[in-house]
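Dumped data34.cif below, it's mmCIF, C-alpha atoms and all ligand atoms:
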```cif
data_start
#
loop_
_atom_site.label_atom_id
_atom_site.label_comp_id
_atom_site.auth_asym_id
_atom_site.auth_seq_id
_atom_site.Cartn_x
_atom_site.Cartn_y
_atom_site.Cartn_z
CA MET X 1 31.86 45.68 -37.41
CA ARG X 2 28.21 44.51 -37.65
CA ASP X 3 25.43 47.02 -37.16
CA VAL X 4 22.95 46.34 -34.39
CA SER X 5 19.79 46.13 -36.52
CA HIS X 6 19.75 42.32 -36.36
CA LEU X 7 19.67 42.33 -32.56
CA PRO X 8 16.47 41.74 -30.58
CA PRO X 9 15.03 45.02 -29.18
CA ALA X 10 16.21 44.16 -25.63
CA LEU X 11 19.84 44.40 -26.77
CA ARG X 12 19.48 47.53 -28.89
CA GLY X 13 19.59 51.17 -27.82
CA LEU X 14 21.97 50.58 -24.92
CA ARG X 15 24.33 53.40 -23.92
CA LEU X 16 27.15 50.91 -24.42
CA PRO X 17 27.03 47.47 -26.08
CA LEU X 18 27.71 45.84 -22.72
CA LEU X 19 26.14 43.47 -20.21
CA GLY X 20 27.14 43.39 -16.56
CA ALA X 21 27.79 39.66 -16.08
CA PRO X 22 25.96 37.71 -13.36
CA MET X 23 28.21 36.79 -10.42
CA PHE X 24 27.37 34.27 -7.73
CA ILE X 25 26.93 36.03 -4.35
CA VAL X 26 28.30 39.34 -5.72
CA SER X 27 25.42 40.53 -7.95
CA GLY X 28 22.20 41.62 -6.30
CA PRO X 29 19.50 44.27 -6.81
CA GLU X 30 21.77 47.25 -5.91
CA LEU X 31 24.31 46.39 -8.58
CA VAL X 32 21.71 45.42 -11.21
CA ILE X 33 19.72 48.64 -10.69
CA ALA X 34 22.91 50.76 -10.87
CA GLN X 35 24.02 49.01 -14.10
CA CYS X 36 20.63 49.35 -15.79
CA LYS X 37 20.22 53.01 -14.78
CA ALA X 38 23.68 53.70 -16.20
CA GLY X 39 22.54 52.22 -19.53
CA ILE X 40 24.02 48.70 -19.67
CA VAL X 41 22.20 45.41 -19.09
CA GLY X 42 22.50 44.43 -15.42
CA SER X 43 22.14 40.83 -14.32
CA PHE X 44 22.19 38.49 -11.31
CA PRO X 45 22.04 34.71 -10.75
CA ALA X 46 18.58 33.69 -9.51
CA LEU X 47 20.36 31.55 -6.89
CA ASN X 48 21.67 34.71 -5.18
CA ALA X 49 18.16 35.44 -3.96
CA ARG X 50 17.85 33.12 -0.97
CA GLU X 51 15.22 33.02 1.76
CA GLY X 52 15.03 31.21 5.08
CA LYS X 53 12.97 28.03 5.31
CA GLY X 54 9.24 28.76 5.08
CA GLU X 55 9.78 32.43 4.10
CA PRO X 56 8.38 33.94 0.89
CA ALA X 57 10.61 33.71 -2.19
CA GLN X 58 13.35 36.33 -2.11
CA LEU X 59 13.57 36.17 -5.93
CA ASP X 60 10.00 37.44 -6.13
CA LYS X 61 10.90 40.40 -3.88
CA TRP X 62 14.07 41.21 -5.80
CA LEU X 63 12.27 41.20 -9.15
CA THR X 64 9.50 43.44 -7.78
CA ARG X 65 12.10 45.88 -6.43
CA ILE X 66 14.18 45.95 -9.63
CA THR X 67 11.13 46.40 -11.88
CA GLU X 68 9.61 49.15 -9.72
CA GLU X 69 12.87 51.10 -9.36
CA LEU X 70 13.60 50.94 -13.07
CA ASP X 71 10.02 51.97 -13.90
CA ARG X 72 10.37 54.98 -11.58
CA HIS X 73 13.68 55.86 -13.23
CA ASN X 74 12.11 55.66 -16.69
CA GLN X 75 9.24 57.91 -15.73
CA ALA X 76 11.64 60.51 -14.32
CA ASN X 77 14.16 60.18 -17.19
CA PRO X 78 12.28 59.56 -20.43
CA ASP X 79 15.35 60.68 -22.43
CA HIS X 80 17.69 58.26 -20.61
CA PRO X 81 15.66 55.12 -19.95
CA ALA X 82 17.24 52.27 -18.04
CA ALA X 83 18.58 49.26 -19.93
CA PRO X 84 16.66 45.98 -19.48
CA PHE X 85 17.86 43.50 -16.87
CA ALA X 86 18.73 39.81 -17.05
CA VAL X 87 18.39 36.85 -14.69
CA ASN X 88 20.85 33.96 -14.81
CA GLN X 89 19.58 30.42 -14.36
CA ILE X 90 21.97 27.61 -13.54
CA VAL X 91 20.49 24.76 -15.56
CA HIS X 92 22.21 21.93 -13.68
CA ARG X 93 20.55 18.86 -12.20
CA SER X 94 21.67 19.86 -8.68
CA ASN X 95 19.68 23.12 -8.89
CA GLY X 96 16.50 21.96 -7.18
CA ARG X 97 14.94 25.44 -7.38
CA LEU X 98 15.01 25.74 -11.15
CA GLU X 99 11.33 25.04 -11.83
CA ARG X 100 10.13 27.42 -9.12
CA ASP X 101 12.55 30.16 -10.26
CA LEU X 102 11.43 29.81 -13.89
CA GLU X 103 7.81 30.28 -12.81
CA ILE X 104 8.72 33.43 -10.82
CA CYS X 105 10.74 34.88 -13.71
CA ALA X 106 7.93 34.18 -16.19
CA ARG X 107 5.42 35.87 -13.87
CA HIS X 108 7.65 38.97 -13.70
CA LYS X 109 8.18 38.89 -17.49
CA VAL X 110 11.97 38.96 -17.16
CA PRO X 111 13.20 40.43 -20.48
CA ILE X 112 16.58 38.62 -20.75
CA TRP X 113 17.29 35.11 -19.48
CA ILE X 114 20.92 33.94 -19.25
CA THR X 115 21.33 30.17 -18.97
CA SER X 116 24.52 28.44 -17.81
CA LEU X 117 25.79 24.88 -17.39
CA GLY X 118 23.12 23.18 -19.49
CA ALA X 119 20.85 24.02 -22.45
CA ARG X 120 17.24 22.86 -22.04
CA ALA X 121 14.39 23.45 -24.47
CA GLU X 122 11.80 23.87 -21.69
CA VAL X 123 13.75 26.76 -20.15
CA ASN X 124 13.83 28.52 -23.52
CA GLU X 125 10.10 27.91 -23.93
CA ALA X 126 9.38 29.43 -20.50
CA ALA X 127 11.36 32.56 -21.46
CA HIS X 128 9.75 32.89 -24.87
CA GLY X 129 6.30 32.35 -23.34
CA CYS X 130 6.62 35.64 -21.44
CA GLY X 131 8.28 37.60 -24.25
CA GLY X 132 11.85 37.15 -23.01
CA ILE X 133 14.99 36.22 -24.94
CA VAL X 134 17.53 33.57 -23.94
CA LEU X 135 21.29 34.00 -24.07
CA HIS X 136 23.13 30.77 -23.36
CA ASP X 137 26.67 30.78 -22.07
CA VAL X 138 29.16 28.46 -23.80
CA ILE X 139 32.89 27.74 -23.75
CA ASN X 140 33.23 26.10 -27.17
CA ASN X 141 31.63 25.76 -30.59
CA THR X 142 30.07 22.33 -29.87
CA PHE X 143 28.10 23.69 -26.90
CA ALA X 144 27.21 26.75 -28.98
CA ARG X 145 25.57 24.62 -31.69
CA LYS X 146 23.66 22.56 -29.10
CA ALA X 147 22.36 25.70 -27.40
CA ILE X 148 21.00 27.15 -30.63
CA GLU X 149 19.51 23.77 -31.65
CA LYS X 150 17.62 23.73 -28.33
CA GLY X 151 16.16 27.18 -28.98
CA ALA X 152 18.44 29.81 -27.39
CA ASP X 153 18.26 33.20 -29.15
CA GLY X 154 21.87 34.22 -28.60
CA LEU X 155 25.21 33.06 -27.24
CA ILE X 156 27.64 34.26 -24.63
CA ALA X 157 31.09 33.01 -25.62
CA VAL X 158 33.11 32.65 -22.41
CA ALA X 159 36.77 32.75 -23.40
CA ALA X 160 40.00 32.12 -21.49
CA GLY X 161 40.74 34.62 -18.73
CA ALA X 162 37.11 35.15 -17.66
CA GLY X 163 36.23 35.22 -13.97
CA GLY X 164 34.35 32.28 -12.47
CA HIS X 165 33.86 29.23 -14.68
CA ALA X 166 35.98 30.34 -17.63
CA GLY X 167 36.62 28.75 -20.99
CA LYS X 168 40.03 27.67 -22.25
CA GLN X 169 39.93 29.09 -25.74
CA SER X 170 41.28 32.32 -27.15
CA PRO X 171 38.47 34.84 -27.73
CA PHE X 172 39.59 35.22 -31.36
CA ALA X 173 39.32 31.48 -32.06
CA LEU X 174 36.02 31.11 -30.23
CA VAL X 175 34.27 34.08 -31.87
CA GLU X 176 35.50 33.15 -35.37
CA GLU X 177 34.30 29.54 -35.06
CA ILE X 178 30.86 30.58 -33.84
CA ARG X 179 30.51 33.41 -36.37
CA ASP X 180 31.29 30.94 -39.15
CA TRP X 181 27.70 29.59 -38.85
CA PHE X 182 25.85 31.82 -36.38
CA ASP X 183 24.56 35.22 -37.39
CA GLY X 184 22.50 35.98 -34.27
CA PRO X 185 23.35 37.85 -31.08
CA LEU X 186 26.86 36.98 -29.89
CA ILE X 187 28.33 38.32 -26.68
CA LEU X 188 31.97 37.89 -25.70
CA SER X 189 33.05 37.27 -22.11
CA GLY X 190 36.50 37.26 -20.53
CA ALA X 191 38.75 40.07 -19.27
CA ILE X 192 36.80 42.86 -20.99
CA ALA X 193 37.62 45.58 -18.48
CA THR X 194 38.20 48.64 -20.68
CA GLY X 195 36.42 50.42 -23.51
CA ARG X 196 39.29 49.44 -25.79
CA ALA X 197 38.73 45.77 -25.05
CA LEU X 198 34.99 46.21 -25.63
CA LEU X 199 35.62 47.76 -29.03
CA ALA X 200 38.06 44.92 -29.83
CA ALA X 201 35.34 42.38 -28.97
CA ARG X 202 33.02 44.02 -31.48
CA VAL X 203 35.72 44.24 -34.14
CA ALA X 204 36.44 40.53 -33.60
CA GLY X 205 32.82 39.71 -34.46
CA ALA X 206 30.86 39.89 -31.20
CA ASP X 207 27.87 42.24 -30.90
CA LEU X 208 28.32 43.05 -27.25
CA GLY X 209 30.73 42.51 -24.37
CA TYR X 210 30.14 40.90 -20.96
CA THR X 211 31.99 42.25 -17.92
CA GLY X 212 32.04 40.72 -14.45
CA SER X 213 35.13 41.09 -12.25
CA PRO X 214 35.62 44.90 -12.48
CA PHE X 215 32.14 45.28 -10.96
CA ILE X 216 33.27 43.40 -7.83
CA ALA X 217 35.22 46.57 -6.91
CA THR X 218 32.12 48.77 -6.91
CA ASP X 219 30.16 50.17 -3.97
CA GLU X 220 27.05 48.27 -5.05
CA ALA X 221 28.67 44.80 -5.20
CA ASN X 222 27.88 42.33 -2.44
CA ALA X 223 31.52 41.51 -1.64
CA PRO X 224 33.67 41.87 1.51
CA ALA X 225 36.07 44.85 1.61
CA ARG X 226 39.11 42.55 1.37
CA TYR X 227 37.75 40.99 -1.83
CA LYS X 228 37.25 44.43 -3.40
CA GLU X 229 40.82 45.40 -2.38
CA MET X 230 42.23 42.26 -4.03
CA ILE X 231 40.52 43.27 -7.29
CA VAL X 232 42.08 46.75 -7.03
CA THR X 233 45.60 45.56 -6.20
CA GLY X 234 45.60 42.39 -8.32
CA SER X 235 46.54 41.72 -11.93
CA ALA X 236 46.47 38.81 -14.37
CA GLU X 237 49.36 37.12 -12.56
CA ASP X 238 47.23 36.89 -9.42
CA ILE X 239 44.63 34.71 -11.12
CA VAL X 240 44.82 30.94 -10.62
CA THR X 241 42.88 28.44 -12.75
CA SER X 242 41.65 25.39 -10.85
CA SER X 243 38.88 22.79 -10.92
CA LEU X 244 39.35 21.90 -7.25
CA PHE X 245 36.66 24.14 -5.77
CA THR X 246 33.59 23.35 -7.89
CA GLY X 247 34.64 20.41 -10.09
CA VAL X 248 34.86 22.63 -13.19
CA SER X 249 37.77 24.79 -14.25
CA GLY X 250 37.44 28.32 -12.88
CA ASN X 251 39.55 31.43 -12.23
CA TYR X 252 40.20 32.60 -8.66
CA LEU X 253 42.30 35.12 -6.75
CA ARG X 254 45.60 33.60 -5.62
CA GLU X 255 45.57 35.57 -2.33
CA SER X 256 42.16 34.19 -1.34
CA ILE X 257 43.39 30.62 -1.90
CA LYS X 258 46.41 31.32 0.32
CA ALA X 259 44.21 32.92 2.98
CA ALA X 260 42.16 29.69 3.04
CA GLY X 261 45.38 27.81 3.95
CA LEU X 262 45.96 26.22 0.54
CA ASP X 263 48.96 26.36 -1.79
CA PRO X 264 47.72 27.96 -5.05
CA ASP X 265 50.57 26.33 -6.98
CA ASN X 266 49.74 22.81 -5.79
CA LEU X 267 46.01 22.34 -6.01
CA SER X 268 44.56 18.93 -6.73
CA THR X 269 42.05 18.35 -9.52
CA GLY X 270 38.32 18.57 -8.77
CA GLN X 271 35.65 16.14 -9.94
CA ALA X 272 32.78 17.37 -12.13
CA ALA X 273 30.43 15.03 -10.23
CA THR X 274 30.91 17.20 -7.11
CA MET X 275 29.27 20.26 -8.70
CA ASN X 276 26.37 21.20 -6.45
CA PHE X 277 24.08 24.22 -6.70
CA GLY X 278 21.49 22.79 -4.33
CA SER X 279 23.02 23.51 -0.92
CA GLY X 280 23.73 27.07 0.30
CA SER X 281 27.01 28.81 -0.47
CA SER X 282 30.03 26.55 -0.75
CA LYS X 283 33.62 27.37 0.21
CA ALA X 284 34.21 28.33 -3.40
CA TRP X 285 32.88 31.88 -3.80
CA THR X 286 32.46 32.58 -0.04
CA ASP X 287 36.14 32.06 0.92
CA ILE X 288 37.81 31.33 -2.42
CA TRP X 289 37.06 34.40 -4.48
CA GLY X 290 36.52 34.30 -8.22
CA ALA X 291 38.00 36.88 -10.61
CA GLY X 292 39.18 37.13 -14.20
CA GLN X 293 42.46 38.21 -15.78
CA GLY X 294 41.24 41.72 -16.68
CA ILE X 295 41.45 43.15 -13.15
CA GLY X 296 44.86 44.83 -13.67
CA VAL X 297 43.15 47.99 -14.96
CA VAL X 298 40.90 48.37 -11.91
CA LYS X 299 42.69 50.97 -9.79
CA ALA X 300 40.05 51.97 -7.24
CA ILE X 301 36.73 51.02 -5.72
CA SER X 302 34.10 53.20 -7.38
CA ARG X 303 30.38 53.52 -7.99
CA ALA X 304 29.18 51.21 -10.78
CA ALA X 305 28.03 54.29 -12.74
CA ASP X 306 31.59 55.71 -12.65
CA LEU X 307 33.08 52.44 -13.88
CA ILE X 308 30.58 52.40 -16.77
CA ALA X 309 31.34 56.07 -17.56
CA ARG X 310 35.06 55.23 -17.69
CA ILE X 311 34.46 52.29 -20.06
CA GLU X 312 32.24 54.48 -22.27
CA GLU X 313 34.85 57.23 -22.48
CA GLU X 314 37.56 54.71 -23.43
CA TYR X 315 35.25 53.01 -25.94
CA ARG X 316 34.49 56.25 -27.77
CA ALA X 317 38.13 57.41 -27.67
CA ALA X 318 39.31 54.07 -29.11
CA ALA X 319 36.66 54.19 -31.84
CA ARG X 320 37.67 57.75 -32.80
CA LYS X 321 41.34 56.77 -32.93
CA ILE X 322 40.73 53.76 -35.15
CA ALA X 323 38.34 55.72 -37.38
CA SER X 324 40.93 58.49 -37.85
CA GLU X 325 43.44 55.90 -39.11
CA PHE X 326 41.08 54.46 -41.70
CA ILE X 327 39.02 57.45 -42.81
CA ARG X 328 41.33 59.92 -44.53
C1 LIG E 401 32.84 35.91 -8.65
C2 LIG E 401 32.22 35.45 -9.91
C3 LIG E 401 31.05 34.70 -9.85
C4 LIG E 401 30.44 34.26 -11.05
N1 LIG E 401 29.26 33.58 -10.96
C5 LIG E 401 28.59 33.26 -12.10
C6 LIG E 401 27.30 32.66 -12.05
O1 LIG E 401 26.72 32.43 -10.99
N2 LIG E 401 26.70 32.36 -13.22
C7 LIG E 401 27.29 32.61 -14.44
O2 LIG E 401 26.69 32.33 -15.49
N3 LIG E 401 28.51 33.17 -14.52
C8 LIG E 401 29.15 33.51 -13.38
N4 LIG E 401 30.39 34.13 -13.46
C9 LIG E 401 30.98 34.40 -14.78
C10 LIG E 401 30.56 35.76 -15.29
O3 LIG E 401 29.18 35.77 -15.56
C11 LIG E 401 31.37 36.19 -16.55
O4 LIG E 401 31.42 35.18 -17.49
C12 LIG E 401 32.79 36.61 -16.18
O5 LIG E 401 32.80 37.33 -14.96
C13 LIG E 401 33.39 37.47 -17.29
O6 LIG E 401 34.76 37.61 -17.13
P1 LIG E 401 35.44 38.83 -16.30
O7 LIG E 401 35.18 38.52 -14.87
O8 LIG E 401 36.87 38.72 -16.68
O9 LIG E 401 34.80 40.10 -16.73
C14 LIG E 401 31.03 34.57 -12.29
C15 LIG E 401 32.20 35.32 -12.33
C16 LIG E 401 32.79 35.78 -11.17
C17 LIG E 401 34.02 36.63 -11.24
#
```
Write out the structure in this file as structure tokens.
Amino acid sequence: MRDVSHLPPALRGLRLPLLGAPMFIVSGPELVIAQCKAGIVGSFPALNAREGKGEPAQLDKWLTRITEELDRHNQANPDHPAAPFAVNQIVHRSNGRLERDLEICARHKVPIWITSLGARAEVNEAAHGCGGIVLHDVINNTFARKAIEKGADGLIAVAAGAGGHAGKQSPFALVEEIRDWFDGPLILSGAIATGRALLAARVAGADLGYTGSPFIATDEANAPARYKEMIVTGSAEDIVTSSLFTGVSGNYLRESIKAAGLDPDNLSTGQAATMNFGSGSSKAWTDIWGAGQGIGVVKAISRAADLIARIEEEYRAAARKIASEFIR
């Protein structure tokens, strides 16, 4: 396993080598603040912060709230400071807010910028200009190389089984191919729902893990009760992969597809050209609920801090067990 000394300061000194993944609609200030206070990087998509026409930018308000609450926490708990937070930017031509959101994030000196669905040099420059780092999310080695060429500092490898827009590749194949040429920060995403899985990600060559779906079943998540219940009762067999809802392949809860009157086993193929992040919430995400294959271990709705404590306990127990086998 690699030590963490090569990582940028924002990714060092965490209680656990873990980022709470950004989730459309689901992640907002409550969840981010709870994740950061509990010692892991919390994140949200900038597009979740929406205001009515003519109203002041909600993103500005959210960033002020997050920064102030974390500052207060740090003053009261100098021995257990909060982890830094991240904002996710969807770098897709249909995202008409991108330029404005970049300006707001730069003004608030956002420490970690996560970019998805497009690598653009000017976004990386905006982040670097305010002292931030950029982690770009990729589903294969070709996109990984492009992202680093354009100036990203690190990569989030989204493997098969992840919630939302997942990759198709095995995490072992994906991490090995990227690690063959890339020595910088590498984060693995996809069905990392236990401390054991997090340790496995690090052993496989990643520096940190990235966990989304288990946080849907937390008190702080912005998700309807029925959605949280489906995470608690569901398992890998309840996850359906389809491109119908957004034009790109993604993982969704079978029951939510049925509830929307569709047959999850007979879904037509979507068209990439239909991807649209410009208009409000689409049927995908509001009615068709995203989730990854790791949800089988989520047995109850809990506070985010309790979920993180559970993952930490498992992570340390797994590390002790492995160490005892090798150090005799
Ligand atoms: C409901 C949902 C919404 C998501 N929305 C986004 C998003 O807006 N931007 C993004 O980069 N990733 C998004 N993702 C992907 C996550 O950031 C992450 O890659 C994934 O949740 C990790 O897999 P896991 O859910 O198995 O932990 C979403 C995932 C889910 C489950």
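Interatomic distance, CA of Ser213 in chain X against CA of Ala318 in chain X: 21.7 Å.
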Pick out the residues no farther than 8 Å from ligand LIG 401 (chain E), counting all atoms listed in the file, and list them as a PyMOL selection string.
-> chain X and resi 20-26+44-45+47+88-90+114-117+137+158+161-166+189-193+210-214+216+251-252+285+289-295
What's the 12 Å shell around Leu174 in chain X, counting only C-alpha atoms, without same-chain residues fewer than 3 positions away, as an MDAnalysis selection string?
-> chainID X and resid 138:144 155:160 167:171 177:180 182 186:190 201 204:206
Report, as JSON, the centre and edge lengths in Å (one decimal) of the axis-aligned box enclosing every listed atom of range 185-200 of chain X, padded by 4 Å on each side.
```
{"center_x": 31.3, "center_y": 43.7, "center_z": -24.8, "size_x": 23.9, "size_y": 21.4, "size_z": 20.6}
```
Leaving out range 264-266 of chain X and any residue of its chain fewer than 2 positions from it, which residues lie within 7 Å of it when counting only C-alpha atoms, given as a PDB file with C-alpha atoms, in the coordinates of the input?
```
ATOM      1  CA  VAL X 240      44.820  30.940 -10.620  1.00  0.00           C
ATOM      2  CA  ARG X 254      45.600  33.600  -5.620  1.00  0.00           C
ATOM      3  CA  ILE X 257      43.390  30.620  -1.900  1.00  0.00           C
ATOM      4  CA  LYS X 258      46.410  31.320   0.320  1.00  0.00           C
ATOM      5  CA  LEU X 262      45.960  26.220   0.540  1.00  0.00           C
ATOM      6  CA  SER X 268      44.560  18.930  -6.730  1.00  0.00           C
TER       7      SER X 268
END
```
